Amino acid sequence: MHKRDLHSGWQFIDFEPGQGDARALSEPGLDTSGWHAIDVPGDVNPALVRDGRMPDPHIGANVRECLWVTAKEWWFRCEFDGAEAPNGPGLDLCLDGVDGHADLFLNGERLATLRNAFHPHRVNVVDKLRQAAPNVLLLRFQAIDAVLGSPREDAIRGWRTRRVLMRKPQFSFGWDWALPMPSIGIMGGVWLEQYAGPRLVDVSVQPHVSGRLDFKFRVNVAARGAGYQIRVRVHGHGTDLQKTVERPGRCYSHTSLRIPDPVLWWPRGMGRQALYDYSVELVVGGAAVEARAGRLGFRKVEIDEAPFTEEAGPGISFWLKLNGRRVFCKGGNWVPLSLWPAELGDEPYRFYLGKCAEANFNMLRVWGGGLYERELFYDLCDELGIMVWQDFMFASAGYPVDRLRSEIVAEADYQIRRLRNRPGIVLWCGCNEDVHSWGYKDERAEADAMLDDTLGQATANAFEVNRLREDPLLYTMLLRGLVSKLGLGVPYMESSPQSYEDTGNQPESGNSHLSCWKYALFECNGKPERFRQHFEKVQSFDSEFCIQGPCSEASLRQFLPEAHRWPPDDVWVTHIQKGHRDLPHHEQTLLIAGGIYGEIDSLQTYVKYGQATHVEMMRAEFESARYDRPNNGGTMMWMFNDCWPTSNWSIIDFFRRPKPAYYAAKRACAPVLPILFERRGVIAFCVSCDAYTPCDVKLRFGQARLDGSLVWAEEEIVVMAGLETQRVHAVKRAEPVIPRGDYLFVETEVDGLPLPAVTYFPDGWRDIPWPTPRITLEPIGQDKTDTGWQTALRVRTDSYARLCHLIVPDGAGAHWLDDNFFDLPAGGQHTVRIWAQNPVEPDAVRVGHWLTEWP
């Protein structure tokens, strides 16, 4: 096989729809002085910003000046020398990640229209290349407004459900955390490929925990006619096996190997992430003509459901089992790292997935409104032991299956084959938030309502989506069938959420999207401080619990112009956007955080009260899921990362600043966790262990005051067998009444090593007379590392320090703390490690808490 990349020399220009002339633009030596250079991979939007043709929409309300982009058609042009290109039989032009509806031209001849960003396109160009003259390749990206039938409704709402007409990242048409600034460009590569002769068409590898490895191969007709062998090699962890397979006269063949005593692949926290290397070579006439290589892990995935325990009431638990053992899933929802994914390099993936692992997460859900991620994402997940709940890219709308069927099948077929050999892929899911077809309804009324959900109404191509028909066709038949055929036994769910009840988002079965934030917003009768009542219900699995929290003042200053920082105005509504029930996100924070902590009347209180609410709700969600085992098999927060600068759902913001809730999630996902949990007037003192390794846990628990004086305390030692939650004590809330400002606590040692203390204020935190703590920092070590400097500081306080945090000086450069924004009881101490680009002077580190200004 011969290949030539066509990644350099690209330019782009815009025309009004229908005004570009492919033949004229295909003339070699065309005067392109009015064109703009663009990289491949690359996107029109950031290129326009760099060239000064468009203001940066990441700042303020600049997006209002960027809406014209979707009214234009965009032409990409590349001129290349045919003498250096492969030629002859079997010559294809290949394009990957064409992000939009694009017409493809070579030397003025239209070759195809490409309509899917989620699978590669291959077009035969035999006898179409010029050998003695330059060749001109053109891509005409059709105007998005024309494809969708009209311009966007406004700068916030985008095109609403008409976005489903295009198989490209759905979030780019606007979501409640991303403005409607659709990506336009090439997310992958462009190349010429000549493959005349024998080819290796497909390889699948299915490991079994017994050590058996099943390989299946497909070769083309040319290989079958020529006669061939397939050489297989598997090596790693002390094993190096090779085998040659010969199946005369067949395109399809298979073989099995057996690895003695295989080292299994386990999720993070349960064992090793053992990966073996494999290679497959197609051999013709004694020479290898094509090869595939990758990594595999020995693991088996199953869904394990069982009735709730009697005390939990009616319900069905939802667990994943890996290698015969239940694994408690704890993690977050992953969205694209940029509005314009073509612009991303590899480094952001290493950063964010590293922080996911540091947060003790063992699962990420690749959300269905984004994109199937690049290979590096899945490589890192396999290495780090992060299981992937992989949505297909359908989200929150009805899709016209008959119109899109061929693209849906091609997309799903490609992505399942691409990802199926990876141990980290543990579940396929049909879509995000399509709960409409999964429960009992008044079908006539429901059908009438759904038939009102029309798309493209302003065009001659208007059509209707009958979701009672098309949702089950897409998610239950097409996608389930393809996963069953190609997915090597990995489980499949139709939707996230999907419960087995009258409606598709109930807590007692399957997986749900419920949260104490939504409870505080909609169900607590204007008393958001009662958000803990949400946890009266036992959930089986929460695949997306959403909680808002502002970014820091430092981040807000980077994207909000000074004149618009306080009070909130129309720039906030445009940039930070609207959420549930069309309520601006900042108003939700004013309502909920204001109810929990007090009136929000400044940017400082917006940040402080909003972030504190984010912390406490994040902690409560993870703790409640762990408390409810064995009825609850896991939970994932919404959302882990941002794609652009905003101030709502993420726990690491666009500028890579961790919100306090990141640390709350990390602490709540620790392998061993003391828990204080209240349900129906009883407060339980518990300890939870996620690993299967037994451990001895010493607990000291009781009630204390802010000055550190004890009301009562007890001690107990428990032996944890692994993956369990034990209740060691309980008190009734009203017996005796706990005064405001008093708190309950649990101090824990695991095999002799202390864990951070956990505290619980039964009536919340508002109006508590917090003391001004005297906090000291003691340097206990500083070391040079491969990437910078590590500094360890011991934090001590004489009285209760609420949400104590360290502020690292700017001179440290890029830095990260292993813990921050923690409560520290009187007399308590806690060690914090700082990783920084430059040495950190301990005396320059400042300490903040509830009574100080937050950064």
# chains A, B, ... in the order shown; residues from 1 in each chain; ligands from 1
>>> select_by_dssp(residues="stretch 350-532 of chain A", states="strand (DSSP E or B)", output="list in words")
Met363, Leu364, Arg365, Val366, Met387, Val388, Trp389, Gln390, Asp391, Ala395, Ile425, Val426, Leu427, Trp428, Cys429, Asn432, Thr454, Leu455, Phe463, Glu464, Tyr492, Met493, Ser496, Gln498, Asn511 and Ser512 of chain A
>>> residues_around(residues="stretch 647-664 of chain A", least_positions_apart="4", cutoff="8 Å", atoms="only C-alpha atoms", output="PyMOL selection string")
chain A and resi 177+359+546-552+555-556+576+585+611-612+614-616+618-619+638-643+668+819-822
>>> residues_around(residues="A:Glu16", least_positions_apart="5", cutoff="12 Å", atoms="only C-alpha atoms", output="list in words")
Asp21, Trp68, Val69, Thr70, Ala71, Lys72, Glu73, Trp74, Trp75, Arg140, Phe141, Gln142, Ala143, Ile144, Asp145 and Ala146 of chain A
>>> residues_around(residues="A:Ser499", least_positions_apart="5", cutoff="6 Å", atoms="only C-alpha atoms", output="list in words")
Gly504, Asn505, Gln506, Ser509, Gly510 and Asn511 of chain A
>>> write_last_selection(atoms="all heavy atoms", output="CSV table (one decimal), in the first residue's frame")
chain,number,residue,atom,x,y,z
A,504,GLY,N,-39.0,7.2,31.5
A,504,GLY,CA,-37.7,6.7,31.3
A,504,GLY,C,-36.7,7.2,32.2
A,504,GLY,O,-35.5,7.0,32.0
A,505,ASN,N,-37.0,8.0,33.2
A,505,ASN,CA,-36.0,8.7,34.1
A,505,ASN,C,-36.5,8.6,35.5
A,505,ASN,O,-36.7,9.6,36.2
A,505,ASN,CB,-35.8,10.1,33.7
A,505,ASN,CG,-34.6,10.7,34.4
A,505,ASN,OD1,-33.7,10.1,34.8
A,505,ASN,ND2,-34.7,12.1,34.5
A,506,GLN,N,-36.6,7.3,36.0
A,506,GLN,CA,-37.0,7.1,37.4
A,506,GLN,C,-35.8,6.4,38.1
A,506,GLN,O,-35.0,5.7,37.5
A,506,GLN,CB,-38.2,6.2,37.4
A,506,GLN,CG,-39.4,6.8,36.8
A,506,GLN,CD,-39.9,8.0,37.6
A,506,GLN,OE1,-39.9,8.0,38.9
A,506,GLN,NE2,-40.2,9.1,36.9
A,509,SER,N,-34.6,1.8,38.8
A,509,SER,CA,-34.2,0.8,37.9
A,509,SER,C,-33.4,1.4,36.8
A,509,SER,O,-33.4,2.6,36.5
A,509,SER,CB,-35.4,0.0,37.3
A,509,SER,OG,-36.2,0.9,36.6
A,510,GLY,N,-32.6,0.6,36.1
A,510,GLY,CA,-31.8,1.1,35.0
A,510,GLY,C,-30.9,2.2,35.4
A,510,GLY,O,-30.2,2.1,36.4
A,511,ASN,N,-30.8,3.2,34.5
A,511,ASN,CA,-30.0,4.3,34.8
A,511,ASN,C,-30.8,5.6,34.7
A,511,ASN,O,-31.7,5.7,33.8
A,511,ASN,CB,-28.7,4.4,34.0
A,511,ASN,CG,-29.0,4.8,32.5
A,511,ASN,OD1,-28.8,6.0,32.2
A,511,ASN,ND2,-29.4,3.9,31.7
>>> residues_around(residues="stretch 280-282 of chain A", least_positions_apart="5", cutoff="10 Å", atoms="only C-alpha atoms", output="VMD selection string")
chain A and resid 198 to 200 203 215 217 219 223 228 to 234 242 to 245 287 to 294
>>> select_by_dssp(residues="stretch 32-217 of chain A", states="helix (DSSP H, G or I)", output="ChimeraX atom specification")
/A:44-50,62-65,67-71,82-84,144-148,160-165,170-173
>>> write_last_selection(atoms="C-alpha atoms", output="JSON list (two decimals), in the first residue's frame")
[["chain", "number", "residue", "atom", "x", "y", "z"],
["A", 44, "VAL", "CA", -12.76, 27.94, 9.68],
["A", 45, "ASN", "CA", -13.76, 29.64, 12.94],
["A", 46, "PRO", "CA", -10.39, 29.93, 14.71],
["A", 47, "ALA", "CA", -8.74, 30.71, 11.40],
["A", 48, "LEU", "CA", -11.10, 33.68, 11.00],
["A", 49, "VAL", "CA", -10.22, 34.85, 14.51],
["A", 50, "ARG", "CA", -6.50, 34.57, 13.82],
["A", 62, "ASN", "CA", -18.64, 38.74, 20.73],
["A", 63, "VAL", "CA", -20.60, 35.80, 19.43],
["A", 64, "ARG", "CA", -23.25, 38.25, 18.24],
["A", 65, "GLU", "CA", -20.76, 39.46, 15.63],
["A", 67, "LEU", "CA", -23.33, 34.67, 13.33],
["A", 68, "TRP", "CA", -22.66, 35.44, 9.67],
["A", 69, "VAL", "CA", -20.31, 32.48, 9.32],
["A", 70, "THR", "CA", -23.08, 29.91, 8.95],
["A", 71, "ALA", "CA", -24.72, 31.88, 6.13],
["A", 82, "GLY", "CA", 0.57, 14.61, -9.30],
["A", 83, "ALA", "CA", 4.06, 13.34, -10.14],
["A", 84, "GLU", "CA", 4.69, 12.72, -6.43],
["A", 144, "ILE", "CA", -25.21, 25.54, 7.41],
["A", 145, "ASP", "CA", -28.18, 27.91, 7.33],
["A", 146, "ALA", "CA", -29.11, 26.50, 3.92],
["A", 147, "VAL", "CA", -28.72, 22.88, 5.00],
["A", 148, "LEU", "CA", -30.87, 23.46, 8.09],
["A", 160, "ARG", "CA", -32.89, 23.83, 18.07],
["A", 161, "THR", "CA", -33.83, 20.35, 16.87],
["A", 162, "ARG", "CA", -33.19, 21.06, 13.18],
["A", 163, "ARG", "CA", -29.55, 20.24, 14.01],
["A", 164, "VAL", "CA", -30.40, 16.52, 13.60],
["A", 165, "LEU", "CA", -30.24, 16.96, 9.83],
["A", 170, "GLN", "CA", -24.54, 18.19, 17.93],
["A", 171, "PHE", "CA", -23.30, 20.42, 20.75],
["A", 172, "SER", "CA", -21.78, 22.78, 18.19],
["A", 173, "PHE", "CA", -25.29, 23.90, 17.23]]
>>> residues_around(residues="A:Gly481", least_positions_apart="5", cutoff="12 Å", atoms="only C-alpha atoms", output="ChimeraX atom specification")
/A:409,412-413,416,428,430,472-476,486-487,489,491-494
>>> write_last_selection(atoms="all heavy atoms", output="tab-separated table (two decimals), in the first residue's frame")
chain	number	residue	atom	x	y	z
A	409	VAL	N	-25.89	3.77	9.70
A	409	VAL	CA	-25.30	2.43	9.64
A	409	VAL	C	-23.80	2.51	9.38
A	409	VAL	O	-23.00	1.83	10.03
A	409	VAL	CB	-26.02	1.57	8.58
A	409	VAL	CG1	-25.28	0.25	8.37
A	409	VAL	CG2	-27.46	1.31	9.00
A	412	ALA	N	-22.05	3.86	12.65
A	412	ALA	CA	-22.02	2.91	13.75
A	412	ALA	C	-21.12	1.72	13.42
A	412	ALA	O	-20.35	1.25	14.27
A	412	ALA	CB	-23.43	2.45	14.09
A	413	ASP	N	-21.20	1.22	12.20
A	413	ASP	CA	-20.36	0.11	11.79
A	413	ASP	C	-18.89	0.47	11.94
A	413	ASP	O	-18.09	-0.30	12.50
A	413	ASP	CB	-20.69	-0.26	10.34
A	413	ASP	CG	-19.89	-1.44	9.84
A	413	ASP	OD1	-18.72	-1.24	9.42
A	413	ASP	OD2	-20.43	-2.56	9.84
A	416	ILE	N	-17.92	1.04	15.90
A	416	ILE	CA	-17.87	-0.21	16.69
A	416	ILE	C	-16.63	-1.01	16.33
A	416	ILE	O	-15.90	-1.50	17.20
A	416	ILE	CB	-19.15	-1.04	16.48
A	416	ILE	CG1	-20.38	-0.29	16.98
A	416	ILE	CG2	-19.03	-2.37	17.22
A	416	ILE	CD1	-21.70	-0.91	16.55
A	428	TRP	N	-21.93	0.28	25.48
A	428	TRP	CA	-22.42	1.13	24.39
A	428	TRP	C	-23.81	1.61	24.74
A	428	TRP	O	-24.62	0.84	25.27
A	428	TRP	CB	-22.47	0.35	23.08
A	428	TRP	CG	-21.14	0.02	22.48
A	428	TRP	CD1	-20.40	-1.11	22.66
A	428	TRP	CD2	-20.37	0.86	21.59
A	428	TRP	NE1	-19.23	-1.04	21.95
A	428	TRP	CE2	-19.20	0.15	21.27
A	428	TRP	CE3	-20.57	2.11	21.03
A	428	TRP	CZ2	-18.21	0.67	20.43
A	428	TRP	CZ3	-19.61	2.63	20.19
A	428	TRP	CH2	-18.44	1.92	19.89
A	430	GLY	N	-27.18	3.95	23.20
A	430	GLY	CA	-27.75	4.46	21.96
A	430	GLY	C	-27.78	5.97	21.86
A	430	GLY	O	-27.56	6.51	20.77
A	472	PRO	N	-37.52	3.76	18.62
A	472	PRO	CA	-37.24	2.32	18.78
A	472	PRO	C	-36.55	1.72	17.57
A	472	PRO	O	-35.70	0.83	17.71
A	472	PRO	CB	-38.63	1.72	19.00
A	472	PRO	CG	-39.46	2.84	19.51
A	472	PRO	CD	-38.95	4.06	18.81
A	473	LEU	N	-36.86	2.20	16.38
A	473	LEU	CA	-36.20	1.69	15.18
A	473	LEU	C	-34.69	1.97	15.24
A	473	LEU	O	-33.87	1.10	14.91
A	473	LEU	CB	-36.81	2.35	13.94
A	473	LEU	CG	-36.22	1.97	12.58
A	473	LEU	CD1	-36.37	0.48	12.34
A	473	LEU	CD2	-36.89	2.77	11.47
A	474	LEU	N	-34.34	3.17	15.66
A	474	LEU	CA	-32.93	3.56	15.71
A	474	LEU	C	-32.20	2.88	16.86
A	474	LEU	O	-31.14	2.26	16.67
A	474	LEU	CB	-32.82	5.08	15.83
A	474	LEU	CG	-31.42	5.67	16.04
A	474	LEU	CD1	-30.45	5.22	14.96
A	474	LEU	CD2	-31.50	7.19	16.10
A	475	TYR	N	-32.76	2.99	18.08
A	475	TYR	CA	-32.01	2.59	19.26
A	475	TYR	C	-32.19	1.12	19.64
A	475	TYR	O	-31.26	0.50	20.17
A	475	TYR	CB	-32.39	3.48	20.44
A	475	TYR	CG	-32.20	4.95	20.15
A	475	TYR	CD1	-33.26	5.84	20.20
A	475	TYR	CD2	-30.96	5.43	19.76
A	475	TYR	CE1	-33.09	7.19	19.90
A	475	TYR	CE2	-30.77	6.78	19.45
A	475	TYR	CZ	-31.84	7.64	19.53
A	475	TYR	OH	-31.66	8.96	19.21
A	476	THR	N	-33.35	0.56	19.37
A	476	THR	CA	-33.60	-0.83	19.76
A	476	THR	C	-33.23	-1.80	18.66
A	476	THR	O	-32.80	-2.92	18.94
A	476	THR	CB	-35.08	-1.02	20.16
A	476	THR	OG1	-35.42	-0.08	21.16
A	476	THR	CG2	-35.32	-2.42	20.69
A	486	LEU	N	-21.25	-6.83	16.08
A	486	LEU	CA	-19.85	-6.43	15.94
A	486	LEU	C	-19.14	-6.17	17.26
A	486	LEU	O	-17.91	-6.08	17.29
A	486	LEU	CB	-19.76	-5.16	15.09
A	486	LEU	CG	-20.38	-5.21	13.70
A	486	LEU	CD1	-20.35	-3.82	13.07
A	486	LEU	CD2	-19.64	-6.20	12.82
A	487	GLY	N	-19.86	-6.01	18.35
A	487	GLY	CA	-19.30	-5.45	19.57
A	487	GLY	C	-18.62	-6.39	20.51
A	487	GLY	O	-18.26	-6.00	21.63
A	489	GLY	N	-19.53	-8.74	22.47
A	489	GLY	CA	-20.16	-9.06	23.75
A	489	GLY	C	-20.26	-7.93	24.74
A	489	GLY	O	-20.76	-8.13	25.86
A	491	PRO	N	-21.94	-4.94	26.62
A	491	PRO	CA	-23.38	-4.63	26.80
A	491	PRO	C	-23.80	-3.36	26.08
A	491	PRO	O	-22.98	-2.48	25.77
A	491	PRO	CB	-23.53	-4.47	28.32
A	491	PRO	CG	-22.34	-5.16	28.90
A	491	PRO	CD	-21.24	-5.02	27.91
A	492	TYR	N	-25.11	-3.25	25.89
A	492	TYR	CA	-25.72	-2.11	25.20
A	492	TYR	C	-26.95	-1.66	25.96
A	492	TYR	O	-27.74	-2.48	26.43
A	492	TYR	CB	-26.10	-2.51	23.76
A	492	TYR	CG	-26.90	-1.45	23.01
A	492	TYR	CD1	-26.25	-0.40	22.36
A	492	TYR	CD2	-28.30	-1.48	22.99
A	492	TYR	CE1	-26.97	0.57	21.67
A	492	TYR	CE2	-29.02	-0.51	22.31
A	492	TYR	CZ	-28.35	0.52	21.66
A	492	TYR	OH	-29.07	1.48	20.99
A	493	MET	N	-27.12	-0.34	26.08
A	493	MET	CA	-28.34	0.27	26.61
A	493	MET	C	-28.88	1.22	25.55
A	493	MET	O	-28.12	1.89	24.86
A	493	MET	CB	-28.05	1.07	27.88
A	493	MET	CG	-27.61	0.26	29.07
A	493	MET	SD	-28.97	-0.64	29.86
A	493	MET	CE	-29.92	0.71	30.56
A	494	GLU	N	-30.22	1.30	25.44
A	494	GLU	CA	-30.80	2.18	24.43
A	494	GLU	C	-30.54	3.65	24.72
A	494	GLU	O	-30.35	4.45	23.80
A	494	GLU	CB	-32.31	1.96	24.31
A	494	GLU	CG	-32.71	0.78	23.46
A	494	GLU	CD	-32.88	-0.48	24.29
A	494	GLU	OE1	-32.49	-0.46	25.48
A	494	GLU	OE2	-33.38	-1.49	23.77
>>> closest_residue(among="A:Asp751, A:Glu536, A:Asp382, A:Asp707", to="A:Pro694", atoms="only C-alpha atoms")
A:Asp751
>>> residues_around(residues="A:Ala410", least_positions_apart="3", cutoff="10 Å", atoms="only C-alpha atoms", output="count of residues only")
10
>>> closest_residue(among="A:Ala734, A:Gln194, A:His101, A:Ser8", to="A:Pro86", atoms="only C-alpha atoms")
A:Gln194
>>> atom_distance(atom1="atom CA of A:Asn421", atom2="atom CA of A:Tyr278")
10.8 Å
>>> closest_residue(among="A:His580, A:His586, A:Arg268, A:Arg365", to="A:Asp542", atoms="only C-alpha atoms")
A:Arg365
>>> closest_residue(among="A:Arg766, A:Arg680, A:Val573, A:Val728", to="A:Glu599", atoms="only C-alpha atoms")
A:Arg766
>>> closest_residue(among="A:Asp96, A:Asp569, A:Asp628, A:Glu508", to="A:Glu724", atoms="only C-alpha atoms")
A:Asp628
>>> atom_distance(atom1="atom CA of A:Ala117", atom2="atom CA of A:Leu376")
18.1 Å
